[in-house]
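Chemist: I am attaching a structure below and will ask some questions about it afterwards.
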Amino acid sequence: MESDNDSMTTLSSLLATSDGLPAGLRSLTDDQLQTVAEELRQDLIHSVSRSGGHFASSLGVAELTVALHATFNTPQDRLLWDVGHQGYIHKMVTGRSERMGSIRKKDGISGFLRRDESEYDAFGAGHAGTSISAAVGMALAFQRTYGSEEEGTQAPLPYVVPIIGDGSLTAGMAFEALNHAGTLNLKNFIVILNDNEMSISKNVGALSWFFSKTVTNQTSTAARRQFKEWHRQGYIPEFVYKALDRAEESAQSYFSEASTLFEAFGFRYIGPVDGHSMSELRTALSSAKRQEGPVVIHAKTVKGKGFDVAELDPLKWHAVKPFDPAGVTGVATKKGTTSSTVPTYTEVFSETLLDLCQRNSRIIGITAAMPTGTGLDLLQRELPSQYVDVGICEQHAVTFAAGLACEGYIPVCAIYSTFLQRGFDQVVHDVCIQNLPVIFALDRAGAVGNDGETHQGLFDISYLRSIPNITLLAPKDERELQEMLVATVALYQDGKGGPVAIRYPRGSGTGAKRYSPAEIAQVPPFAALRRAELLQRGQKLAFFTAGTTSAIATEVSSQLEKRFGFHPTHLNLRSVKPLDEEQVLAVAEHHDLLVSIEDHALMGGVGSALLELFSDHHLSTALLRFGAKDICTPHASQAEQYALHGYSADAVLQSVLPHVEESLERNPLPAQKKSA
């Protein structure tokens, strides 16, 4: 008989090497698995405190992660973690424990799920609400590939298990997937609802869980299967069969309101269960595996579990910078704060919008479940009547804003560039075709750093520039961001204007002097801000920039002046769509070399817009374009991503130098001719 000491030695050895994981979990008792989960939680606290990363969500699923890998034959059975914030302990259990220190760093492992990183990552996940849809596709593929037992297939049908958070369940796509799944009568399909913050049911407790266990245990399941078979053979009349079926559903609904929702979609409902009790989780999972059709397990968990400050403030501890676990106060880890005294673009937007809302009650700030990330938490605190959070529903957010605009309100949709992609059809159909006055504040536009491929804001110019009626603006600094927001609101207040998108990056501003509330009236009119700004008049070479790449061009210009003694011209476009064609052409026609720099994909971006314009006017001057290459941008710092794509100041300078030298050799400056 194994002693307690022997058991703990086995567990420690298992966790220390991780070689036997996750298969080694399947021979352990529930008590041993509970110990494993707690040790993994402590390892996670230690790891993330050193590296930073997503934190509270993974702390809350330690037991659930261990229970899933202990119950299912992964990777043959598929676990799909929605979003990926929940996936850190999953990574530790599946052979990546020793690499956790590299998470979200250049050449390190991803902070999300990636199919090319591990065979255990069944589906890549960075945006919310995708897991059930992907899982339905996998489950249907398995049913077609493996056939059915009646057809004599020997290979067991794999289980497909999407794990979706209650926040992600607000995504319309999740409900579309549930609706589809319910029509397919999928076998071995188990949805885990990780309910860690937003309650979906009032009746959470022992009685409802007791009833779920009763109707899904082995005896009840076998009896139900036999009853169904008798009905199929004609021994049980239809009206009796339906009456008993409805009676069971009614009883289930009485004990747990959440079951009504999922039963309506055709799912057997189990729960709510304590998501931190290994025995309850294992019992629920075993019951789910016995069911013939699709199942939902409703697990109640605590976000930030096991780390007191994260439990008290899970939003603040959702993602963190490195910290000292022994002496945390939480102040230094607040999302969005920096060591710099220069405010972030998000903070400047947030404060300016609040000031505008205080002046005009018809301005409404809209977020899709990202109040802190977009800065709308300030509006939420100060003017809650002018703040709306629609949940993880970017499509709804856009069309909701369109409805507000129809009735004379001024909606400001604050949505990350990467997330507005999800509402593209609504931007086209519901806003732009109707030419409605909606402001899109595109936070995190451009390279976003260590969030990786799924979160890069490198495509918004491409996907918005082709849409009629929209104006797309890009401020070079935080003062210009203020100007664009204030001027657009003023335009709308005058009953003019169509949709406007303002794109600005992640991180601190440039330190430019901002408008005080008393100076807001001095902001230039909207028409002026659609005109390009000549930052420097020079010769030989002309820079065209949109947004914060203005600083890169300024640095390169300074280096060229030191080397060659001339000033390049620099035009800040400000409006990407429409371009200020008159000024752009005037500059382009009087320089030997043209250079565009953008924090955006080259394909379809600012450089592409300039090439189209030059082609239309038969201008043959060479244009060097700098921007993001046609690759999925891996996680790294923003500076490393600029260098990767070749639009850091040093990369631009090195690329431009041969062209400048050739131009000077061919056509020297007047002073050079004289000395020659």
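Letters A, B, ... go to the chains of the structure tokens in the order shown; residues in each chain start at 1; ligands are counted from 1 in the same order.
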Based on DSSP run over this structure's backbone, return all residues of segment 97-184 of chain A in strand (DSSP E or B), as a PyMOL selection string.

Modeler: chain A and resi 113+125+160-165

Chemist: Can you pull out every residue within 8 Å of Met370 of chain A, counting only C-alpha atoms, but drop anything in the same chain fewer than 4 positions away, and send it as a PDB file with C-alpha atoms, in the first residue's frame?

Modeler:
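Once everything was written out, this is result19.pdb:
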```
ATOM      1  CA  THR A 374     -10.154  51.306 -23.877  1.00  0.00           C
ATOM      2  CA  LEU A 376     -13.970  53.936 -20.808  1.00  0.00           C
ATOM      3  CA  ASP A 389     -20.915  47.970 -22.237  1.00  0.00           C
ATOM      4  CA  ILE A 415     -12.878  49.210 -29.782  1.00  0.00           C
TER       5      ILE A 415
END
```

Chemist: Would you mind telling me which residue in A:Ala139, A:Leu541, A:Val309, A:Ala402 lies nearest to Phe55 of chain A when using only C-alpha atoms?

Modeler: A:Val309

Chemist: Extract, using only C-alpha atoms, all DNA, RNA and protein residues at most 10 Å from Leu485 of chain A, discarding same-chain residues fewer than 3 positions from it, and format them as a PyMOL selection string.

Modeler: chain A and resi 349+352-353+356+412+439-441+473+480-482+488-490+500-502+523+526

Chemist: Might you pull out every residue within 10 Å of Asp107 of chain A, with only C-alpha atoms counted and same-chain residues fewer than 6 positions away left off, and present them as a short mmCIF file (atom, residue, chain, number, x, y, z; two decimals) with N, CA and C atoms, in the first residue's frame?

Modeler:
```
data_model
loop_
_atom_site.label_atom_id
_atom_site.label_comp_id
_atom_site.auth_asym_id
_atom_site.auth_seq_id
_atom_site.Cartn_x
_atom_site.Cartn_y
_atom_site.Cartn_z
N PRO A 634 4.74 37.90 -34.75
CA PRO A 634 4.86 37.15 -33.50
C PRO A 634 4.98 38.08 -32.30
N HIS A 635 4.77 37.52 -31.11
CA HIS A 635 4.87 38.33 -29.90
C HIS A 635 6.32 38.74 -29.66
N ALA A 636 6.49 39.97 -29.27
CA ALA A 636 7.78 40.59 -28.95
C ALA A 636 7.45 41.99 -28.47
#
```
